[in-house]
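**Q** Contents of coords-v1.csv (CSV, C-alpha atoms and all ligand atoms):
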```csv
chain,number,residue,atom,x,y,z
A,177,MET,CA,14.4,-10.9,-7.1
A,178,THR,CA,10.7,-11.1,-8.2
A,179,ILE,CA,8.1,-10.8,-5.5
A,180,ARG,CA,4.5,-11.0,-6.8
A,181,PRO,CA,2.0,-10.8,-3.9
A,182,VAL,CA,-1.1,-10.7,-6.2
A,183,GLN,CA,-1.5,-12.7,-9.4
A,184,TRP,CA,-4.2,-13.7,-11.8
A,185,LYS,CA,-3.8,-17.4,-12.7
A,186,LYS,CA,-6.2,-19.6,-14.6
A,187,GLY,CA,-9.2,-17.6,-13.8
A,188,GLU,CA,-8.4,-17.2,-10.1
A,189,VAL,CA,-6.9,-14.5,-7.9
A,190,VAL,CA,-3.8,-15.9,-6.2
A,191,LEU,CA,-2.4,-14.1,-3.1
A,192,ILE,CA,0.6,-14.8,-1.0
A,193,ASP,CA,-0.7,-15.0,2.6
A,194,GLN,CA,1.0,-12.0,4.3
A,195,ARG,CA,-0.4,-13.1,7.7
A,196,VAL,CA,2.0,-16.0,7.9
A,197,LEU,CA,5.1,-14.5,6.4
A,198,PRO,CA,8.0,-14.9,7.0
A,199,GLY,CA,7.5,-18.3,8.6
A,200,LYS,CA,5.6,-19.8,5.7
A,201,GLU,CA,5.3,-18.8,2.1
A,202,ILE,CA,1.8,-19.9,1.2
A,203,TYR,CA,-0.2,-18.9,-1.9
A,204,ASN,CA,-4.0,-19.0,-1.6
A,205,SER,CA,-6.4,-19.1,-4.6
A,206,TYR,CA,-9.7,-17.2,-4.6
A,207,ARG,CA,-12.6,-17.8,-6.9
A,208,THR,CA,-15.3,-15.6,-5.4
A,209,VAL,CA,-15.7,-11.8,-4.8
A,210,GLU,CA,-16.7,-12.5,-1.2
A,211,SER,CA,-13.5,-14.5,-0.5
A,212,VAL,CA,-11.4,-11.7,-2.1
A,213,ALA,CA,-13.1,-9.1,0.1
A,214,ARG,CA,-12.4,-11.2,3.2
A,215,ALA,CA,-8.8,-11.6,2.2
A,216,ILE,CA,-8.5,-7.8,2.0
A,217,GLU,CA,-10.3,-7.4,5.4
A,218,THR,CA,-8.2,-10.0,7.2
A,219,MET,CA,-4.9,-8.7,5.8
A,220,VAL,CA,-4.0,-11.7,3.6
A,221,VAL,CA,-3.2,-8.9,1.2
A,222,ARG,CA,-2.4,-5.4,2.5
A,223,GLY,CA,-0.6,-2.2,1.4
A,224,ALA,CA,-2.4,0.4,-0.6
A,225,PRO,CA,-1.5,-0.4,-4.2
A,226,ALA,CA,-1.8,-4.2,-3.6
A,227,ILE,CA,-5.3,-3.8,-2.2
A,228,GLY,CA,-6.4,-1.8,-5.3
A,229,VAL,CA,-4.9,-4.4,-7.7
A,230,THR,CA,-6.5,-7.2,-5.7
A,231,ALA,CA,-9.9,-5.5,-5.8
A,232,ALA,CA,-9.7,-5.0,-9.6
A,233,LEU,CA,-8.9,-8.7,-10.0
A,234,GLY,CA,-11.8,-9.5,-7.6
A,235,VAL,CA,-14.1,-7.7,-10.0
A,236,ARG,CA,-12.7,-9.6,-12.9
A,237,LEU,CA,-13.8,-12.8,-11.1
A,238,VAL,CA,-17.4,-11.8,-11.8
A,239,VAL,CA,-17.0,-12.0,-15.6
A,240,GLU,CA,-15.1,-15.2,-15.3
A,241,LYS,CA,-18.0,-17.2,-13.9
A,242,ASN,CA,-21.1,-15.3,-15.0
A,243,LYS,CA,-23.3,-17.1,-17.5
A,244,ALA,CA,-25.6,-14.0,-18.3
A,245,THR,CA,-27.1,-14.0,-21.8
A,246,SER,CA,-27.5,-10.2,-21.8
A,247,ALA,CA,-25.4,-7.3,-20.6
A,248,ALA,CA,-27.8,-5.9,-17.9
A,249,PRO,CA,-27.5,-8.8,-15.3
A,250,LEU,CA,-23.8,-8.9,-15.7
A,251,ARG,CA,-23.5,-5.2,-15.2
A,252,LYS,CA,-25.6,-5.5,-12.1
A,253,ALA,CA,-23.4,-8.3,-10.7
A,254,LEU,CA,-20.3,-6.2,-11.4
A,255,LEU,CA,-21.7,-3.2,-9.6
A,256,LYS,CA,-22.6,-5.4,-6.6
A,257,ALA,CA,-19.1,-6.8,-6.5
A,258,ILE,CA,-17.6,-3.3,-6.7
A,259,GLU,CA,-19.8,-2.2,-3.7
A,260,ARG,CA,-18.7,-5.2,-1.6
A,261,LEU,CA,-15.0,-4.7,-2.4
A,262,GLY,CA,-15.3,-1.0,-1.6
A,263,ALA,CA,-16.5,-1.8,1.9
A,264,THR,CA,-13.4,-3.7,2.9
A,265,ARG,CA,-10.9,-1.0,4.1
A,266,PRO,CA,-11.6,2.7,4.2
A,267,THR,CA,-8.2,4.5,4.3
A,268,ALA,CA,-6.1,3.5,1.3
A,269,VAL,CA,-7.5,5.4,-1.6
A,270,ASN,CA,-5.9,3.1,-4.2
A,271,LEU,CA,-8.8,0.7,-3.5
A,272,PHE,CA,-11.4,3.3,-4.6
A,273,TRP,CA,-9.2,4.5,-7.5
A,274,ALA,CA,-9.0,0.9,-8.9
A,275,LEU,CA,-12.7,0.2,-8.2
A,276,GLU,CA,-13.7,3.5,-9.9
A,277,ARG,CA,-11.8,2.4,-13.0
A,278,MET,CA,-13.7,-0.9,-13.0
A,279,ARG,CA,-17.0,0.8,-12.3
A,280,LYS,CA,-16.6,3.1,-15.4
A,281,VAL,CA,-16.1,0.1,-17.6
A,282,ALA,CA,-19.0,-1.8,-15.9
A,283,ALA,CA,-21.3,1.2,-16.5
A,284,ASP,CA,-20.3,1.8,-20.1
A,285,GLU,CA,-23.5,1.3,-22.0
A,286,SER,CA,-21.7,0.9,-25.3
A,287,LEU,CA,-20.5,-2.5,-24.0
A,288,ASP,CA,-23.9,-4.0,-24.8
A,289,THR,CA,-23.2,-7.7,-24.9
A,290,PRO,CA,-21.8,-10.0,-22.2
A,291,ALA,CA,-18.8,-10.8,-24.5
A,292,LYS,CA,-17.9,-7.1,-24.9
A,293,LEU,CA,-18.3,-6.4,-21.2
A,294,LYS,CA,-16.2,-9.4,-20.2
A,295,ARG,CA,-13.4,-8.5,-22.5
A,296,ALA,CA,-13.3,-4.9,-21.4
A,297,ILE,CA,-13.4,-5.8,-17.6
A,298,ALA,CA,-10.6,-8.3,-18.0
A,299,ALA,CA,-8.5,-5.7,-19.9
A,300,GLU,CA,-9.1,-3.0,-17.4
A,301,ALA,CA,-8.2,-5.3,-14.4
A,302,ASP,CA,-4.9,-6.2,-16.3
A,303,ALA,CA,-4.3,-2.5,-16.9
A,304,VAL,CA,-4.8,-1.6,-13.3
A,305,PHE,CA,-2.2,-4.3,-12.4
A,306,GLN,CA,0.3,-3.2,-15.0
A,307,ASP,CA,-0.1,0.5,-14.2
A,308,GLU,CA,0.7,-0.1,-10.6
A,309,LEU,CA,3.7,-2.3,-11.5
A,310,ASP,CA,5.1,0.3,-13.8
A,311,ALA,CA,4.4,3.2,-11.3
A,312,SER,CA,6.3,1.5,-8.5
A,313,ARG,CA,9.3,0.9,-10.8
A,314,ALA,CA,9.4,4.5,-12.1
A,315,LEU,CA,8.9,6.1,-8.7
A,316,SER,CA,11.7,4.0,-7.2
A,317,ASP,CA,14.1,5.3,-9.8
A,318,PHE,CA,13.0,8.9,-9.1
A,319,GLY,CA,13.3,8.4,-5.4
A,320,SER,CA,16.7,6.9,-5.5
A,321,GLN,CA,18.0,10.3,-6.7
A,322,LEU,CA,17.3,11.6,-3.2
A,323,ILE,CA,19.3,8.9,-1.4
A,324,GLY,CA,23.0,9.7,-0.9
A,325,LYS,CA,25.9,7.3,-0.9
A,326,GLY,CA,26.2,5.4,2.3
A,327,ALA,CA,22.9,6.8,3.6
A,328,ARG,CA,21.2,5.2,6.6
A,329,VAL,CA,17.6,5.0,5.7
A,330,LEU,CA,14.7,4.6,8.1
A,331,THR,CA,11.4,3.1,6.9
A,332,HIS,CA,8.1,2.2,8.6
A,333,CYS,CA,5.6,-0.5,7.9
A,334,ASN,CA,5.9,-2.4,4.7
A,335,ALA,CA,5.9,-0.4,1.5
A,336,GLY,CA,7.7,-3.0,-0.6
A,337,ALA,CA,6.8,-5.4,-3.4
A,338,LEU,CA,4.4,-7.1,-1.0
A,339,ALA,CA,2.4,-3.8,-0.7
A,340,THR,CA,2.1,-3.2,-4.4
A,341,ALA,CA,1.6,-5.2,-7.6
A,342,GLY,CA,5.1,-6.5,-7.0
A,343,ASP,CA,8.8,-6.3,-7.8
A,344,TYR,CA,9.8,-2.9,-6.3
A,345,GLY,CA,7.3,-1.3,-4.0
A,346,THR,CA,7.1,2.4,-3.1
A,347,ALA,CA,9.3,3.5,-0.1
A,348,LEU,CA,11.1,0.1,-0.1
A,349,GLY,CA,11.3,0.4,-3.9
A,350,VAL,CA,13.3,3.6,-3.5
A,351,VAL,CA,15.6,1.7,-1.1
A,352,LYS,CA,16.0,-1.2,-3.5
A,353,ALA,CA,16.8,1.1,-6.4
A,354,ALA,CA,19.4,2.9,-4.3
A,355,HIS,CA,20.9,-0.4,-3.3
A,356,LEU,CA,21.0,-1.7,-6.9
A,357,GLU,CA,22.7,1.5,-7.9
A,358,GLY,CA,25.5,0.5,-5.5
A,359,LYS,CA,24.9,3.4,-3.0
A,360,ALA,CA,26.0,1.2,-0.1
A,361,ILE,CA,23.0,2.1,2.0
A,362,THR,CA,21.9,0.6,5.3
A,363,VAL,CA,18.2,0.3,6.2
A,364,TYR,CA,16.6,0.7,9.6
A,365,ALA,CA,13.2,-1.0,9.5
A,366,ASP,CA,10.7,-0.2,12.3
A,367,GLU,CA,8.9,-3.3,13.5
A,368,THR,CA,5.6,-1.5,13.2
A,369,ARG,CA,3.3,-2.5,16.1
A,370,PRO,CA,0.7,-3.9,16.3
A,371,PHE,CA,0.6,-5.9,13.0
A,372,LEU,CA,4.4,-6.1,12.6
A,373,GLN,CA,4.5,-5.4,8.9
A,374,GLY,CA,8.1,-4.1,9.4
A,375,ALA,CA,9.4,-7.0,11.4
A,376,ARG,CA,7.7,-9.7,9.3
A,377,LEU,CA,7.3,-8.3,5.8
A,378,THR,CA,9.9,-5.5,5.3
A,379,ALA,CA,12.5,-7.6,7.0
A,380,TRP,CA,11.6,-10.6,4.8
A,381,GLU,CA,12.0,-8.5,1.7
A,382,LEU,CA,15.3,-6.9,2.9
A,383,CYS,CA,16.7,-10.4,3.6
A,384,LYS,CA,15.6,-11.7,0.2
A,385,GLU,CA,17.2,-8.7,-1.5
A,386,ASN,CA,20.4,-8.9,0.6
A,387,ILE,CA,20.2,-5.3,1.6
A,388,PRO,CA,22.2,-4.4,4.7
A,389,SER,CA,19.7,-3.6,7.4
A,390,PHE,CA,18.7,-3.5,11.0
A,391,LEU,CA,15.3,-4.3,12.5
A,392,ILE,CA,14.4,-1.9,15.4
A,393,THR,CA,11.4,-1.5,17.6
A,394,ASP,CA,9.3,1.6,16.8
A,395,SER,CA,10.4,3.3,20.0
A,396,MET,CA,14.1,3.1,19.1
A,397,ALA,CA,13.7,5.4,16.1
A,398,GLY,CA,13.8,8.7,18.0
A,399,HIS,CA,16.9,7.6,19.9
A,400,LEU,CA,18.8,6.7,16.7
A,401,MET,CA,17.8,10.0,15.1
A,402,SER,CA,19.0,12.0,18.1
A,403,ARG,CA,22.4,10.3,17.9
A,404,GLY,CA,22.8,11.2,14.2
A,405,GLU,CA,22.4,7.6,13.1
A,406,ILE,CA,19.6,8.2,10.6
A,407,ASP,CA,20.2,10.3,7.4
A,408,VAL,CA,16.9,10.0,5.7
A,409,ILE,CA,13.4,8.7,6.2
A,410,VAL,CA,11.3,7.2,3.4
A,411,VAL,CA,7.7,6.0,4.0
A,412,GLY,CA,4.8,4.9,1.8
A,413,ALA,CA,1.3,6.3,1.9
A,414,ASP,CA,-2.3,5.1,2.0
A,415,ARG,CA,-3.8,8.5,0.9
A,416,VAL,CA,-2.3,11.8,0.2
A,417,ALA,CA,-4.7,14.7,0.4
A,418,ALA,CA,-4.6,17.6,-2.1
A,419,ASN,CA,-2.6,19.7,0.4
A,420,GLY,CA,0.1,17.0,0.9
A,421,ASP,CA,-1.2,15.8,4.3
A,422,THR,CA,-0.4,12.0,4.2
A,423,ALA,CA,-2.2,9.1,5.8
A,424,ASN,CA,0.1,6.2,6.4
A,425,LYS,CA,0.6,3.3,8.9
A,426,ILE,CA,0.2,4.3,12.6
A,427,GLY,CA,3.4,5.7,13.9
A,428,THR,CA,4.4,7.6,10.8
A,429,TYR,CA,3.3,11.0,12.2
A,430,THR,CA,5.5,10.4,15.2
A,431,LEU,CA,8.5,9.8,12.9
A,432,SER,CA,7.8,13.0,10.9
A,433,VAL,CA,7.8,15.2,14.1
A,434,LEU,CA,11.1,13.5,15.2
A,435,ALA,CA,12.5,14.0,11.7
A,436,ARG,CA,11.8,17.7,11.8
A,437,GLU,CA,13.3,18.0,15.4
A,438,ASN,CA,16.4,16.3,14.2
A,439,LYS,CA,16.6,18.0,10.8
A,440,ILE,CA,16.3,14.8,8.8
A,441,PRO,CA,14.6,14.8,5.4
A,442,PHE,CA,11.3,13.0,5.5
A,443,TYR,CA,10.1,11.6,2.1
A,444,VAL,CA,6.8,10.0,1.1
A,445,ALA,CA,6.9,7.6,-1.8
A,446,ALA,CA,3.5,7.0,-3.5
A,447,PRO,CA,2.1,6.4,-7.0
A,448,LEU,CA,-0.4,9.0,-8.3
A,449,SER,CA,-3.2,6.4,-7.5
A,450,THR,CA,-2.5,7.2,-3.8
A,451,ILE,CA,-2.9,11.0,-4.3
A,452,ASP,CA,-6.5,12.0,-3.8
A,453,LEU,CA,-7.1,15.6,-4.9
A,454,ALA,CA,-10.8,15.2,-4.0
A,455,THR,CA,-9.8,14.9,-0.3
A,456,LYS,CA,-8.8,18.5,0.6
A,457,THR,CA,-6.8,17.9,3.8
A,458,GLY,CA,-5.8,15.1,6.2
A,459,LYS,CA,-8.8,15.8,8.4
A,460,ASP,CA,-11.0,14.5,5.6
A,461,ILE,CA,-9.2,11.1,5.4
A,462,PRO,CA,-11.2,8.2,7.1
A,463,ILE,CA,-9.0,6.4,9.6
A,464,GLU,CA,-9.6,2.7,9.9
A,465,GLU,CA,-9.9,1.3,13.5
A,466,ARG,CA,-9.1,-2.4,13.6
A,467,HIS,CA,-9.9,-5.2,15.9
A,468,GLU,CA,-8.6,-4.9,19.5
A,469,ARG,CA,-7.1,-8.4,19.3
A,470,GLU,CA,-4.2,-7.0,17.2
A,471,VAL,CA,-3.2,-5.0,20.2
A,472,THR,CA,-4.0,-7.4,23.1
A,473,HIS,CA,-2.2,-10.3,21.4
A,474,ALA,CA,1.3,-10.9,20.1
A,475,GLY,CA,2.2,-13.9,18.1
A,476,GLY,CA,-1.3,-15.4,18.8
A,477,ARG,CA,-0.8,-15.1,22.6
A,478,ARG,CA,-2.7,-12.6,24.9
A,479,VAL,CA,-0.3,-10.1,26.4
A,480,ALA,CA,-2.8,-7.6,27.9
A,481,PRO,CA,-5.2,-8.5,30.8
A,482,GLU,CA,-8.7,-9.6,29.9
A,483,GLY,CA,-11.2,-6.7,30.0
A,484,MET,CA,-8.6,-4.0,29.2
A,485,ALA,CA,-10.1,-1.4,26.8
A,486,VAL,CA,-8.1,-0.9,23.6
A,487,ARG,CA,-7.8,1.6,20.8
A,488,ASN,CA,-6.4,0.5,17.5
A,489,PRO,CA,-6.3,3.2,14.8
A,490,ALA,CA,-4.4,1.6,11.9
A,491,PHE,CA,-3.2,4.9,10.3
A,492,ASP,CA,-2.3,8.4,11.3
A,493,VAL,CA,-1.9,11.6,9.3
A,494,THR,CA,1.4,13.4,8.8
A,495,PRO,CA,0.8,17.1,8.2
A,496,ALA,CA,2.2,18.3,4.9
A,497,LYS,CA,4.5,20.7,6.8
A,498,TYR,CA,6.6,17.8,7.9
A,499,VAL,CA,7.0,16.2,4.5
A,500,SER,CA,10.1,17.2,2.5
A,501,ALA,CA,9.0,15.8,-0.8
A,502,ILE,CA,6.5,13.3,-2.3
A,503,ILE,CA,8.0,10.9,-4.8
A,504,THR,CA,5.7,9.7,-7.6
A,505,GLU,CA,6.1,7.9,-10.9
A,506,VAL,CA,6.1,11.1,-12.9
A,507,GLY,CA,8.4,13.1,-10.7
A,508,ILE,CA,9.1,14.5,-7.3
A,509,ALA,CA,6.6,17.0,-5.7
A,510,ARG,CA,8.0,19.7,-3.4
A,511,PRO,CA,6.1,22.1,-1.1
A,512,PRO,CA,3.7,23.8,-1.6
A,513,PHE,CA,2.1,20.5,-2.4
A,514,LYS,CA,-1.3,21.9,-3.3
A,515,LYS,CA,0.3,23.3,-6.5
A,516,SER,CA,3.0,20.6,-7.1
A,517,LEU,CA,0.6,17.6,-6.7
A,518,ALA,CA,-2.0,19.2,-8.9
A,519,GLU,CA,0.6,19.7,-11.6
A,520,LEU,CA,1.9,16.1,-11.4
A,521,LYS,CA,-1.7,14.8,-11.6
A,522,ARG,CA,-2.3,16.9,-14.7
A,523,VAL,CA,0.7,15.1,-16.4
A,524,VAL,CA,-1.5,11.9,-16.5
A,525,GLY,CA,-4.7,13.7,-17.1
B,601,LIG,O1,-2.5,-1.8,7.1
B,601,LIG,P1,-1.6,-2.0,5.9
B,601,LIG,O2,-0.5,-3.0,6.2
B,601,LIG,O3,-2.4,-2.2,4.7
B,601,LIG,O4,-0.9,-0.5,5.8
B,601,LIG,C1,0.1,-0.4,4.8
B,601,LIG,C2,0.8,0.9,4.9
B,601,LIG,O5,0.5,1.8,5.7
B,601,LIG,C3,1.8,1.2,3.8
B,601,LIG,O6,2.8,2.0,4.3
B,601,LIG,C4,1.1,1.9,2.7
B,601,LIG,O7,0.0,1.2,2.2
B,601,LIG,C5,2.0,2.1,1.5
B,601,LIG,S1,2.2,0.6,0.6
B,601,LIG,C6,3.1,0.9,-0.7
```
Now that the file is in, can you turn its structure into structure tokens?

**A**
Amino acid sequence: MTIRPVQWKKGEVVLIDQRVLPGKEIYNSYRTVESVARAIETMVVRGAPAIGVTAALGVRLVVEKNKATSAAPLRKALLKAIERLGATRPTAVNLFWALERMRKVAADESLDTPAKLKRAIAAEADAVFQDELDASRALSDFGSQLIGKGARVLTHCNAGALATAGDYGTALGVVKAAHLEGKAITVYADETRPFLQGARLTAWELCKENIPSFLITDSMAGHLMSRGEIDVIVVGADRVAANGDTANKIGTYTLSVLARENKIPFYVAAPLSTIDLATKTGKDIPIEERHEREVTHAGGRRVAPEGMAVRNPAFDVTPAKYVSAIITEVGIARPPFKKSLAELKRVVG
């Protein structure tokens, strides 16, 4: 089953609108950097690797339309686009990883004509896309080794094809690989309040892939763990600090503490583009606070009284001490993560 949330088609960025799934499968086309930036901000596209890939393709839009006759103005337009796209969402480091790759090309003075610059930017955007697609496939196969026959797997948010360049995903990629290997697993998908990525998106992917699964509310997870009904937890990540502290969708930290209490392995599945050695610990990871409407409303209807104050941090940080292993496309990192993550990053240079 091929799910491609982000595509480049005929000079445009095409995104499946994740805000209206699973009710409607709508693909929107974007022709401007600003519209791509708004699509990221408003969650048309979400999930760390998918955001990075979309931003790279957003930068590619600049060279598609630009009529510059020398390299300098084109370079300037590219850097402006990179700045705008970098201001969309602060937590997922894949965004900055992808934009840094684009910035390096944009700043390369040896690309001294518009034609050279255009070719190089298009090639780099394609490479970012392909690298993320390959990484999710490879890490899914590594991660599947950690899933036993008949395992009951809990996951949170959506870390599937929709959250990446497509096809597999990260945490849900591990689940899909285990399922395809015939391990007879059952998935428990947290609904993931307030944006319901679990109920809407993970459930949609699980149904499409025919993977036996149950949808649960976030608050049911602890109960099921305490009754011995969960064997393993696999989640994605938005940024993993050098020491293994992991930012992921709000509620992940709670699961990790419950997993430790109930002696359940807790795995993080993430491509190397999510591992940020420049961020020392989880304390240094910026946590996005989103609009209060996501909390006060459900299904477009107000559920909280007018005037009620709201907090809406979109991510939390799971301390490295609660993480059993981090699954990447080049192998599985075990504690102490400071050493194992640095070694895995060295593999790709
Ligand atoms: O706010 P979102 O939906 O972008 O948050 C997504 C997550 O937290 C995912 O778990 C994470 O990006 C990993 S995606 C492979």

**Q** Interatomic distance between atom CA of A:Arg415 and atom CA of A:Leu391?

**A**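 According to the coordinates, atom CA of A:Arg415 and atom CA of A:Leu391 are separated by 25.8 Å.
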
**Q** Can you tell me how far atom CA of A:Lys514 sits from atom CA of A:Ala354, in Å to one decimal?

**A** 28.1 Å

**Q** Do you know which residues are within 6 Å of ligand LIG 601 (chain B) using all atoms listed in the file? Can you write them as a VMD selection string?

**A** chain A and resid 222 to 225 333 to 335 339 to 340 345 to 346 412 to 414 424 to 425

**Q** Using C-alpha atoms, can you export the residues from the last selection as a PDB file, keeping the file's coordinate frame?

**A**
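Output file selection.pdb follows:
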```pdb
ATOM      1  CA  ARG A 222      -2.400  -5.400   2.500  1.00  0.00           C
ATOM      2  CA  GLY A 223      -0.600  -2.200   1.400  1.00  0.00           C
ATOM      3  CA  ALA A 224      -2.400   0.400  -0.600  1.00  0.00           C
ATOM      4  CA  PRO A 225      -1.500  -0.400  -4.200  1.00  0.00           C
ATOM      5  CA  CYS A 333       5.600  -0.500   7.900  1.00  0.00           C
ATOM      6  CA  ASN A 334       5.900  -2.400   4.700  1.00  0.00           C
ATOM      7  CA  ALA A 335       5.900  -0.400   1.500  1.00  0.00           C
ATOM      8  CA  ALA A 339       2.400  -3.800  -0.700  1.00  0.00           C
ATOM      9  CA  THR A 340       2.100  -3.200  -4.400  1.00  0.00           C
ATOM     10  CA  GLY A 345       7.300  -1.300  -4.000  1.00  0.00           C
ATOM     11  CA  THR A 346       7.100   2.400  -3.100  1.00  0.00           C
ATOM     12  CA  GLY A 412       4.800   4.900   1.800  1.00  0.00           C
ATOM     13  CA  ALA A 413       1.300   6.300   1.900  1.00  0.00           C
ATOM     14  CA  ASP A 414      -2.300   5.100   2.000  1.00  0.00           C
ATOM     15  CA  ASN A 424       0.100   6.200   6.400  1.00  0.00           C
ATOM     16  CA  LYS A 425       0.600   3.300   8.900  1.00  0.00           C
TER      17      LYS A 425
END
```

**Q** Neighbouring residues of stretch 271-277 of chain A were defined as those with any atom within 12 Å, considering all atoms listed in the file; residues of the same chain fewer than 4 positions away were excluded. Please report them as a PyMOL selection string.

**A** chain A and resi 213+216+222-236+254-267+281-284+296-308+340+414-415+447-454

**Q** How far is it from atom CA of A:Asp193 to atom CA of A:Val221, in Å with one decimal?

**A**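 About the pair atom CA of A:Asp193 and atom CA of A:Val221: they are 6.7 Å apart.
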
**Q** Within 6 Å of A:Ala247, counting all atoms listed in the file, which residues show up once you throw out same-chain ones fewer than 2 positions away? Write them as a count of residues only, please.

**A** 5

**Q** Using all atoms listed in the file, determine which residues lie at most 8 Å from A:Tyr443, disregarding the query and same-chain residues fewer than 3 positions distant; provide the list as a ChimeraX atom specification.

**A** /A:408-411,499-503

**Q** Which residue is closest to A:Thr378? Choose from A:Leu348, A:Ile361, A:Val416, A:Glu437 and count all atoms listed in the file.

**A** A:Leu348

**Q** Pick from A:Arg510, A:Arg328, A:Lys280, A:Arg376: nearest to A:Lys359, with only C-alpha atoms counted?

**A**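 Using only C-alpha atoms, A:Lys359 sits closest to A:Arg328.
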